[in-house]
Amino acid sequence: MQTVTWYIKRIQMMSLSEITWRIISLSAAWVERIRVQFNWVSKAEFVKGYQSGSDFNPGFTVFTGQLSAYNTEWKAPLLAKAEMVMANKLSYFDLHNKHLETPINWHKDHSANIYANTGHILDVNYRDFKVNGDCKLVWEPNRHHQMVVLARAYQVTGDIQYAQAAVAQMTHWLDQNPYGKGMNWRSPLELAIRLINWVWTIDLIKESGLFVGDFKARLLESVFLHCRDVSSKFSQGTSANNHLVGEAAGVYIAASYFSMLRDAATWKDTSKQILEREMVAQTFDDGCTKEHAFSYQFFVLQFYLVTGLTGKWSDDDFSDRYWKTLKSLSQFVVRIAEGGEHYPMLGDQDDGYVLDLGDHVHDINALTDVMGHFYDDPLFASPQIKSSESSFWLFNNRQAKINRGVVVDSALNSIAFEDAGYYLLQAGKVSDNNQASILMDVAELGYTAIAAHGHADALSCVVRINQHDLFVDTGTYDYFSFPEWRNHFRKTQAHNTLEVDGLDQSVMTGPFMWESHAQSTCIEWSPSKSGGKIVAAHDGYQRLPSPVTHQRDIELDITQQQIVITDYVKATAQHDIAIYFHLSEACQDIRLDQGSCYITLGDNEVVISLPEQVKATLVQGVPSDDKQTPSLGWLSRGYHQKVPITTLVLSADINGNSEFVTSIAWK
């Protein structure tokens, strides 16, 4: 449960219109509770002329391809996964082929072995881990990604057992999840994602002849209730982030597909207007989403993609501006990723995705392959890009890739995303052993007043040498199960930046809320063919009784194979300073010796020359049975997944202005 203080501060961050909306929404929820209690809930109504016993005619078709073009390399992994799904075994987050009981228990955190409340949704506090488990662990199998896996397996093999398994699991879900009750009706975003997966599943198995009779009638009734519920609760105000995008996408896709529902046209128009508006409102002109959480960039990009395709397939195309913005979103992702083997994990990351079409949501190859079907851009047209399974399911026999392109030069070029506040200082080629990529965070904390998915990472840098991570953003790890770890991975010390007096640059107020936001400014941006320089500062420590300003200069020179990071601390009194550099799991043979840190990184030997006035220590993550107490030395590349790494900590006591120079060289 949240404290009274939290609720007061949360309300203070809302506008009057948002407060009014929340009061009205809560009142409506209590009215709906009475309707549920006395079974007065509205029933689905259909357009004039609809006959329940007639053939099913959806508003569009998700797949029109030729299965003869399906790559046989994709088949074995697909069928292996489908077999696990039929055995009620799913893999998500830290769970691998976890048996979810027979029949599936849809109301359980199968990791913590906690059963969620199945009472009315007003009685379900999804934040209360002790009572309901981790809501994400409950919700994930209820998003029904696995149904699309079964449906794809049916398409590829023609074996009806896969379609039957999908129908059986969906029927059981309908049995166990009456409207308005339990965790699975608690979040409109969850309902929206489930709707999208239902659309893909039903369409891929409709040739089986199983979408008939009672199952068809019950599912249509539930689709109606899903759309009705979500469209009456579209997020607003400080909550209008990726949730609103997902909610509108789910309603639009379901209303377009199940067009026989009487209210479908209204839902479709309303949700389309929201998507057109929010895509622009939540995206900087340079293509970065305003939540400043890179994982969510993939998430909303998937929503926009499948929604845009739905519009095309149902003769209701979106605007040119919509497609232009989708291009910018995609370009940002590809450019940020090009300097390394892993995508930088700035901001929150929770592994969220929309559809399972065979590729991981963070698969850059799949993204570039998909976008190459829309845009004539060298970023999406490299011959190194392999055909993806996602593209097969979306475009085969429907839309050809525009071109394959030619790689002219593999050298990296620096890029400034000035609107968003991210700067890529980079140059060189792997073939010349001189490639380096530095991503510096000079961005605002997050989106809206609460900056829900932001981290205290001002002036943090991700450093990659010859495609290998040297300094890495440590990730997110958790939202609800381990509150201390939730806080830890958002803290300043969990990022490659400078900390003053053991305090964060910005002030946390809750697991998804910040009270004070550090403001960063780029002072100088001077890129060159061999690297260049960036200078930036932030004011997060101006709130201290004795204010401090942190300025960071980074210089790259690939001709010398050197990076110099200079941290200036502008102060008038005594302070404790700590600079953190989180060394990736690719870093080996790490040791300190006479003022330098020596590292083996791939085929390179890296030497980090340390500031003279600091005390240097290496902190390594140590596995422990204590799951609640956080520590340095951990990297999380997935929800509830973490591996031990080494964190280089440079600490010093200062009294007045100070300068710390860290030099990185490789050979």
# chains A, B, ... in the order shown; residues from 1 in each chain; ligands from 1
>>> closest_atom_pairs(of="range 581-648 of chain A", to="range 491-499 of chain A", cutoff="12 Å", atoms="only C-alpha atoms", output="tab-separated table")
residue	atom	partner	partner_atom	distance
A:Phe581	CA	A:Asn496	CA	4.8
A:His582	CA	A:Asn496	CA	6.3
A:Leu583	CA	A:Asn496	CA	9.4
A:Ser584	CA	A:Asn496	CA	11.5
A:Pro630	CA	A:Ala494	CA	10.7
A:Ser631	CA	A:Ala494	CA	9.3
A:Leu632	CA	A:Ala494	CA	7.2
A:Gly633	CA	A:Ala494	CA	8.9
A:Trp634	CA	A:Ala494	CA	8.9
A:Leu635	CA	A:Ala494	CA	9.3
A:Ser636	CA	A:Ala494	CA	11.0
A:Thr646	CA	A:Ala494	CA	11.8
A:Thr647	CA	A:Ala494	CA	9.1
A:Leu648	CA	A:Asn496	CA	9.5
>>> select_by_dssp(residues="range 40-107 of chain A", states="alpha helix (DSSP H)", output="PyMOL selection string")
chain A and resi 72-86
>>> write_last_selection(atoms="C-alpha atoms", output="mmCIF file, in the first residue's frame")
data_model
loop_
_atom_site.group_PDB
_atom_site.id
_atom_site.type_symbol
_atom_site.label_atom_id
_atom_site.label_comp_id
_atom_site.auth_asym_id
_atom_site.auth_seq_id
_atom_site.Cartn_x
_atom_site.Cartn_y
_atom_site.Cartn_z
ATOM 1 C CA THR A 72 12.264 -23.881 -42.758
ATOM 2 C CA GLU A 73 14.834 -22.586 -40.249
ATOM 3 C CA TRP A 74 11.996 -20.914 -38.353
ATOM 4 C CA LYS A 75 9.825 -24.028 -38.158
ATOM 5 C CA ALA A 76 11.609 -26.102 -35.502
ATOM 6 C CA PRO A 77 11.815 -23.279 -32.906
ATOM 7 C CA LEU A 78 8.172 -22.386 -33.560
ATOM 8 C CA LEU A 79 6.892 -25.936 -33.126
ATOM 9 C CA ALA A 80 9.073 -26.532 -30.054
ATOM 10 C CA LYS A 81 7.574 -23.444 -28.462
ATOM 11 C CA ALA A 82 4.051 -24.440 -29.496
ATOM 12 C CA GLU A 83 4.515 -27.887 -27.926
ATOM 13 C CA MET A 84 5.475 -26.210 -24.646
ATOM 14 C CA VAL A 85 2.409 -23.960 -24.845
ATOM 15 C CA MET A 86 0.153 -26.991 -25.374
#
>>> residues_around(residues="range 562-575 of chain A", least_positions_apart="2", cutoff="8 Å", atoms="only C-alpha atoms", output="PyMOL selection string")
chain A and resi 498+500-501+546-560+577+653-666
>>> atom_distance(atom1="CA of Leu195 in chain A", atom2="CA of Trp393 in chain A")
18.3 Å
>>> residues_around(residues="Gln399 in chain A", least_positions_apart="4", cutoff="9 Å", atoms="only C-alpha atoms", output="PyMOL selection string")
chain A and resi 373-374+394-395
>>> atom_distance(atom1="CA of Tyr126 in chain A", atom2="CA of His172 in chain A")
22.7 Å
>>> closest_residue(among="A:Glu338, A:Asp359, A:Asp285, A:Glu247", to="Asp419 in chain A", atoms="only C-alpha atoms")
A:Asp285
>>> residues_around(residues="Ser259 in chain A", least_positions_apart="3", cutoff="12 Å", atoms="only C-alpha atoms", output="list in words")
Glu45, Phe46, Val47, Lys48, Tyr50, Phe56, Asn57, Pro58, Gly59, Phe60, Val199, Leu220, Val223, Phe224, Cys227, Val251, Tyr252, Ile253, Ala254, Ala255, Ser256, Arg262, Asp263, Ala264, Ala265, Thr266, Trp267, Lys268 and Ser314 of chain A
>>> atom_distance(atom1="CA of Tyr179 in chain A", atom2="CA of Ile121 in chain A")
9.5 Å
>>> residues_around(residues="Tyr162 in chain A", least_positions_apart="4", cutoff="10 Å", atoms="only C-alpha atoms", output="PyMOL selection string")
chain A and resi 79+82-83+85-86+147+149-155+157-158+166-168+205+208
>>> write_last_selection(atoms="C-alpha atoms", output="CSV table (one decimal), in the first residue's frame")
chain,number,residue,atom,x,y,z
A,79,LEU,CA,6.9,-25.9,-33.1
A,82,ALA,CA,4.1,-24.4,-29.5
A,83,GLU,CA,4.5,-27.9,-27.9
A,85,VAL,CA,2.4,-24.0,-24.8
A,86,MET,CA,0.2,-27.0,-25.4
A,147,MET,CA,-2.1,-18.1,-28.5
A,149,VAL,CA,2.3,-19.0,-31.2
A,150,LEU,CA,-0.2,-21.8,-31.5
A,151,ALA,CA,-2.0,-20.1,-34.3
A,152,ARG,CA,1.2,-19.7,-36.3
A,153,ALA,CA,2.0,-23.3,-35.7
A,154,TYR,CA,-1.4,-24.3,-37.1
A,155,GLN,CA,-0.8,-22.2,-40.2
A,157,THR,CA,1.6,-27.3,-40.3
A,158,GLY,CA,-2.1,-27.4,-40.9
A,166,ALA,CA,-5.7,-22.2,-28.6
A,167,VAL,CA,-9.5,-22.5,-28.4
A,168,ALA,CA,-9.3,-24.7,-25.3
A,205,ILE,CA,-7.0,-20.3,-37.1
A,208,SER,CA,-9.9,-24.6,-38.9
>>> residues_around(residues="His120 in chain A", least_positions_apart="5", cutoff="7 Å", atoms="only C-alpha atoms", output="list in words")
Gly180, Lys181 and Gly182 of chain A
>>> closest_residue(among="A:Gln542, A:Gln641, A:Thr368, A:Asn466", to="Trp485 in chain A", atoms="only C-alpha atoms")
A:Gln641
>>> select_by_dssp(residues="range 485-556 of chain A", states="strand (DSSP E)", output="number ranges by chain")
A: 498-500, 507-510, 513-516, 520-528, 531-538, 549-556
>>> write_last_selection(atoms="N, CA and C atoms", output="tab-separated table (two decimals), in the first residue's frame")
chain	number	residue	atom	x	y	z
A	498	LEU	N	28.28	10.80	-11.92
A	498	LEU	CA	28.84	11.25	-10.65
A	498	LEU	C	27.74	11.50	-9.63
A	499	GLU	N	28.02	11.08	-8.39
A	499	GLU	CA	27.07	11.20	-7.29
A	499	GLU	C	27.67	12.12	-6.22
A	500	VAL	N	26.83	12.94	-5.61
A	500	VAL	CA	27.27	13.86	-4.56
A	500	VAL	C	26.61	13.50	-3.23
A	507	VAL	N	14.90	13.33	-7.14
A	507	VAL	CA	14.37	12.81	-5.89
A	507	VAL	C	13.18	11.88	-6.15
A	508	MET	N	13.32	10.62	-5.72
A	508	MET	CA	12.23	9.65	-5.85
A	508	MET	C	11.13	9.94	-4.84
A	509	THR	N	9.89	9.75	-5.29
A	509	THR	CA	8.75	9.85	-4.39
A	509	THR	C	8.00	8.53	-4.30
A	510	GLY	N	8.22	7.65	-5.23
A	510	GLY	CA	7.55	6.36	-5.26
A	510	GLY	C	8.17	5.52	-6.36
A	513	MET	N	7.40	7.48	-9.59
A	513	MET	CA	7.17	8.92	-9.45
A	513	MET	C	8.43	9.59	-8.90
A	514	TRP	N	8.72	10.76	-9.47
A	514	TRP	CA	9.85	11.57	-9.04
A	514	TRP	C	9.34	12.95	-8.63
A	515	GLU	N	9.86	13.43	-7.51
A	515	GLU	CA	9.40	14.72	-6.98
A	515	GLU	C	10.23	15.88	-7.52
A	516	SER	N	11.53	15.65	-7.68
A	516	SER	CA	12.43	16.69	-8.16
A	516	SER	C	13.18	16.16	-9.37
A	520	SER	N	19.26	18.95	-17.41
A	520	SER	CA	20.57	18.88	-18.06
A	520	SER	C	20.63	19.82	-19.25
A	521	THR	N	21.85	20.29	-19.54
A	521	THR	CA	22.06	21.23	-20.64
A	521	THR	C	23.32	20.85	-21.42
A	522	CYS	N	23.22	20.82	-22.73
A	522	CYS	CA	24.40	20.61	-23.56
A	522	CYS	C	25.07	21.97	-23.78
A	523	ILE	N	26.33	22.06	-23.40
A	523	ILE	CA	27.09	23.32	-23.50
A	523	ILE	C	27.88	23.39	-24.79
A	524	GLU	N	28.44	22.26	-25.20
A	524	GLU	CA	29.23	22.22	-26.43
A	524	GLU	C	29.06	20.87	-27.12
A	525	TRP	N	28.90	20.91	-28.43
A	525	TRP	CA	28.82	19.69	-29.24
A	525	TRP	C	29.68	19.91	-30.47
A	526	SER	N	30.84	19.26	-30.50
A	526	SER	CA	31.81	19.47	-31.58
A	526	SER	C	32.28	18.13	-32.13
A	527	PRO	N	31.45	17.47	-32.92
A	527	PRO	CA	31.87	16.18	-33.49
A	527	PRO	C	32.86	16.38	-34.63
A	528	SER	N	33.64	15.33	-34.90
A	528	SER	CA	34.58	15.35	-36.01
A	528	SER	C	34.69	13.95	-36.58
A	531	GLY	N	36.19	11.73	-34.05
A	531	GLY	CA	35.56	11.71	-32.73
A	531	GLY	C	34.91	13.02	-32.39
A	532	GLY	N	35.63	13.82	-31.57
A	532	GLY	CA	35.09	15.12	-31.21
A	532	GLY	C	34.89	15.28	-29.72
A	533	LYS	N	34.00	16.20	-29.36
A	533	LYS	CA	33.85	16.56	-27.96
A	533	LYS	C	32.40	16.93	-27.65
A	534	ILE	N	31.98	16.58	-26.44
A	534	ILE	CA	30.70	17.05	-25.92
A	534	ILE	C	30.89	17.52	-24.50
A	535	VAL	N	30.24	18.63	-24.16
A	535	VAL	CA	30.28	19.20	-22.81
A	535	VAL	C	28.85	19.42	-22.35
A	536	ALA	N	28.52	18.95	-21.16
A	536	ALA	CA	27.15	19.11	-20.65
A	536	ALA	C	27.19	19.24	-19.13
A	537	ALA	N	26.11	19.75	-18.57
A	537	ALA	CA	26.02	19.93	-17.11
A	537	ALA	C	24.58	19.73	-16.67
A	538	HIS	N	24.40	19.47	-15.36
A	538	HIS	CA	23.04	19.37	-14.82
A	538	HIS	C	22.97	20.09	-13.47
A	549	THR	N	27.23	21.95	-8.84
A	549	THR	CA	26.95	21.73	-10.26
A	549	THR	C	27.94	20.70	-10.79
A	550	HIS	N	27.42	19.74	-11.52
A	550	HIS	CA	28.28	18.73	-12.16
A	550	HIS	C	28.33	19.01	-13.65
A	551	GLN	N	29.54	19.17	-14.16
A	551	GLN	CA	29.76	19.31	-15.60
A	551	GLN	C	30.65	18.16	-16.06
A	552	ARG	N	30.30	17.59	-17.21
A	552	ARG	CA	31.09	16.48	-17.76
A	552	ARG	C	31.49	16.80	-19.20
A	553	ASP	N	32.80	16.66	-19.46
A	553	ASP	CA	33.33	16.79	-20.82
A	553	ASP	C	33.78	15.40	-21.28
A	554	ILE	N	33.43	15.04	-22.48
A	554	ILE	CA	33.91	13.77	-23.06
A	554	ILE	C	34.54	14.07	-24.41
A	555	GLU	N	35.77	13.60	-24.58
A	555	GLU	CA	36.49	13.77	-25.84
A	555	GLU	C	36.87	12.40	-26.39
A	556	LEU	N	36.64	12.22	-27.69
A	556	LEU	CA	36.98	10.98	-28.38
A	556	LEU	C	37.97	11.28	-29.51
>>> decode(residues="range 474-588 of chain A", atoms="C-alpha atoms", output="mmCIF file, in the first residue's frame")
data_model
loop_
_atom_site.group_PDB
_atom_site.id
_atom_site.type_symbol
_atom_site.label_atom_id
_atom_site.label_comp_id
_atom_site.auth_asym_id
_atom_site.auth_seq_id
_atom_site.Cartn_x
_atom_site.Cartn_y
_atom_site.Cartn_z
ATOM 1 C CA THR A 474 22.636 -1.575 -15.616
ATOM 2 C CA GLY A 475 18.946 -1.946 -16.509
ATOM 3 C CA THR A 476 15.803 -2.136 -14.374
ATOM 4 C CA TYR A 477 15.312 -5.673 -12.989
ATOM 5 C CA ASP A 478 12.036 -5.198 -11.098
ATOM 6 C CA TYR A 479 8.923 -3.091 -10.586
ATOM 7 C CA PHE A 480 6.913 -4.686 -7.779
ATOM 8 C CA SER A 481 8.490 -7.778 -6.182
ATOM 9 C CA PHE A 482 11.645 -6.278 -4.693
ATOM 10 C CA PRO A 483 11.123 -2.588 -3.822
ATOM 11 C CA GLU A 484 14.707 -1.985 -2.693
ATOM 12 C CA TRP A 485 16.045 -3.366 -5.972
ATOM 13 C CA ARG A 486 13.464 -1.256 -7.827
ATOM 14 C CA ASN A 487 14.915 1.838 -6.196
ATOM 15 C CA HIS A 488 18.522 0.706 -6.615
ATOM 16 C CA PHE A 489 18.458 0.364 -10.394
ATOM 17 C CA ARG A 490 16.927 3.845 -10.739
ATOM 18 C CA LYS A 491 19.496 5.534 -8.504
ATOM 19 C CA THR A 492 22.358 7.718 -9.695
ATOM 20 C CA GLN A 493 24.923 5.186 -8.434
ATOM 21 C CA ALA A 494 23.450 2.550 -10.789
ATOM 22 C CA HIS A 495 24.572 4.658 -13.759
ATOM 23 C CA ASN A 496 27.863 5.804 -15.257
ATOM 24 C CA THR A 497 27.868 9.252 -13.730
ATOM 25 C CA LEU A 498 28.841 11.253 -10.647
ATOM 26 C CA GLU A 499 27.067 11.204 -7.287
ATOM 27 C CA VAL A 500 27.269 13.860 -4.562
ATOM 28 C CA ASP A 501 26.954 13.054 -0.846
ATOM 29 C CA GLY A 502 25.358 9.685 -1.558
ATOM 30 C CA LEU A 503 22.267 11.404 -2.978
ATOM 31 C CA ASP A 504 20.466 10.961 -6.272
ATOM 32 C CA GLN A 505 20.432 13.775 -8.814
ATOM 33 C CA SER A 506 16.623 13.648 -8.820
ATOM 34 C CA VAL A 507 14.366 12.807 -5.885
ATOM 35 C CA MET A 508 12.225 9.655 -5.852
ATOM 36 C CA THR A 509 8.751 9.854 -4.387
ATOM 37 C CA GLY A 510 7.555 6.356 -5.258
ATOM 38 C CA PRO A 511 8.317 3.402 -7.528
ATOM 39 C CA PHE A 512 6.930 5.299 -10.531
ATOM 40 C CA MET A 513 7.172 8.919 -9.447
ATOM 41 C CA TRP A 514 9.849 11.570 -9.040
ATOM 42 C CA GLU A 515 9.403 14.723 -6.978
ATOM 43 C CA SER A 516 12.434 16.691 -8.158
ATOM 44 C CA HIS A 517 13.838 16.506 -11.683
ATOM 45 C CA ALA A 518 17.461 17.267 -12.563
ATOM 46 C CA GLN A 519 17.698 19.505 -15.630
ATOM 47 C CA SER A 520 20.566 18.878 -18.057
ATOM 48 C CA THR A 521 22.063 21.225 -20.643
ATOM 49 C CA CYS A 522 24.398 20.615 -23.565
ATOM 50 C CA ILE A 523 27.085 23.318 -23.499
ATOM 51 C CA GLU A 524 29.227 22.224 -26.434
ATOM 52 C CA TRP A 525 28.819 19.693 -29.243
ATOM 53 C CA SER A 526 31.810 19.470 -31.575
ATOM 54 C CA PRO A 527 31.865 16.182 -33.492
ATOM 55 C CA SER A 528 34.577 15.350 -36.009
ATOM 56 C CA LYS A 529 35.551 12.482 -38.304
ATOM 57 C CA SER A 530 37.940 11.164 -35.659
ATOM 58 C CA GLY A 531 35.565 11.706 -32.725
ATOM 59 C CA GLY A 532 35.088 15.122 -31.212
ATOM 60 C CA LYS A 533 33.845 16.563 -27.961
ATOM 61 C CA ILE A 534 30.697 17.046 -25.920
ATOM 62 C CA VAL A 535 30.283 19.196 -22.809
ATOM 63 C CA ALA A 536 27.154 19.105 -20.646
ATOM 64 C CA ALA A 537 26.022 19.930 -17.111
ATOM 65 C CA HIS A 538 23.042 19.373 -14.816
ATOM 66 C CA ASP A 539 21.522 21.209 -11.844
ATOM 67 C CA GLY A 540 20.246 18.256 -9.826
ATOM 68 C CA TYR A 541 22.439 19.080 -6.826
ATOM 69 C CA GLN A 542 21.542 22.754 -6.736
ATOM 70 C CA ARG A 543 18.894 21.742 -4.198
ATOM 71 C CA LEU A 544 21.565 20.969 -1.570
ATOM 72 C CA PRO A 545 22.161 23.421 1.308
ATOM 73 C CA SER A 546 25.581 23.950 -0.269
ATOM 74 C CA PRO A 547 24.741 23.737 -3.992
ATOM 75 C CA VAL A 548 26.821 21.739 -6.464
ATOM 76 C CA THR A 549 26.955 21.732 -10.257
ATOM 77 C CA HIS A 550 28.276 18.733 -12.157
ATOM 78 C CA GLN A 551 29.764 19.307 -15.602
ATOM 79 C CA ARG A 552 31.094 16.479 -17.758
ATOM 80 C CA ASP A 553 33.330 16.790 -20.818
ATOM 81 C CA ILE A 554 33.906 13.775 -23.058
ATOM 82 C CA GLU A 555 36.491 13.771 -25.838
ATOM 83 C CA LEU A 556 36.984 10.982 -28.383
ATOM 84 C CA ASP A 557 40.000 10.611 -30.663
ATOM 85 C CA ILE A 558 40.107 7.339 -32.589
ATOM 86 C CA THR A 559 43.472 8.230 -34.119
ATOM 87 C CA GLN A 560 44.857 7.847 -30.608
ATOM 88 C CA GLN A 561 42.298 5.186 -29.649
ATOM 89 C CA GLN A 562 41.458 7.238 -26.607
ATOM 90 C CA ILE A 563 38.462 8.591 -24.700
ATOM 91 C CA VAL A 564 38.902 11.261 -22.020
ATOM 92 C CA ILE A 565 36.116 11.909 -19.503
ATOM 93 C CA THR A 566 36.567 15.025 -17.368
ATOM 94 C CA ASP A 567 34.166 15.633 -14.487
ATOM 95 C CA TYR A 568 34.068 19.137 -13.020
ATOM 96 C CA VAL A 569 32.438 19.637 -9.641
ATOM 97 C CA LYS A 570 31.617 23.271 -8.948
ATOM 98 C CA ALA A 571 31.164 23.660 -5.194
ATOM 99 C CA THR A 572 31.930 26.039 -2.328
ATOM 100 C CA ALA A 573 31.977 23.561 0.570
ATOM 101 C CA GLN A 574 32.937 20.019 1.560
ATOM 102 C CA HIS A 575 31.235 17.125 -0.231
ATOM 103 C CA ASP A 576 31.672 13.409 -0.753
ATOM 104 C CA ILE A 577 32.034 12.548 -4.427
ATOM 105 C CA ALA A 578 31.661 9.156 -6.124
ATOM 106 C CA ILE A 579 31.997 8.369 -9.824
ATOM 107 C CA TYR A 580 30.608 5.040 -10.998
ATOM 108 C CA PHE A 581 31.573 3.075 -14.093
ATOM 109 C CA HIS A 582 29.653 -0.181 -14.572
ATOM 110 C CA LEU A 583 31.739 -2.646 -16.553
ATOM 111 C CA SER A 584 29.721 -4.969 -18.779
ATOM 112 C CA GLU A 585 29.626 -8.751 -18.582
ATOM 113 C CA ALA A 586 31.955 -8.761 -21.606
ATOM 114 C CA CYS A 587 34.766 -7.247 -19.513
ATOM 115 C CA GLN A 588 37.269 -9.882 -18.367
#
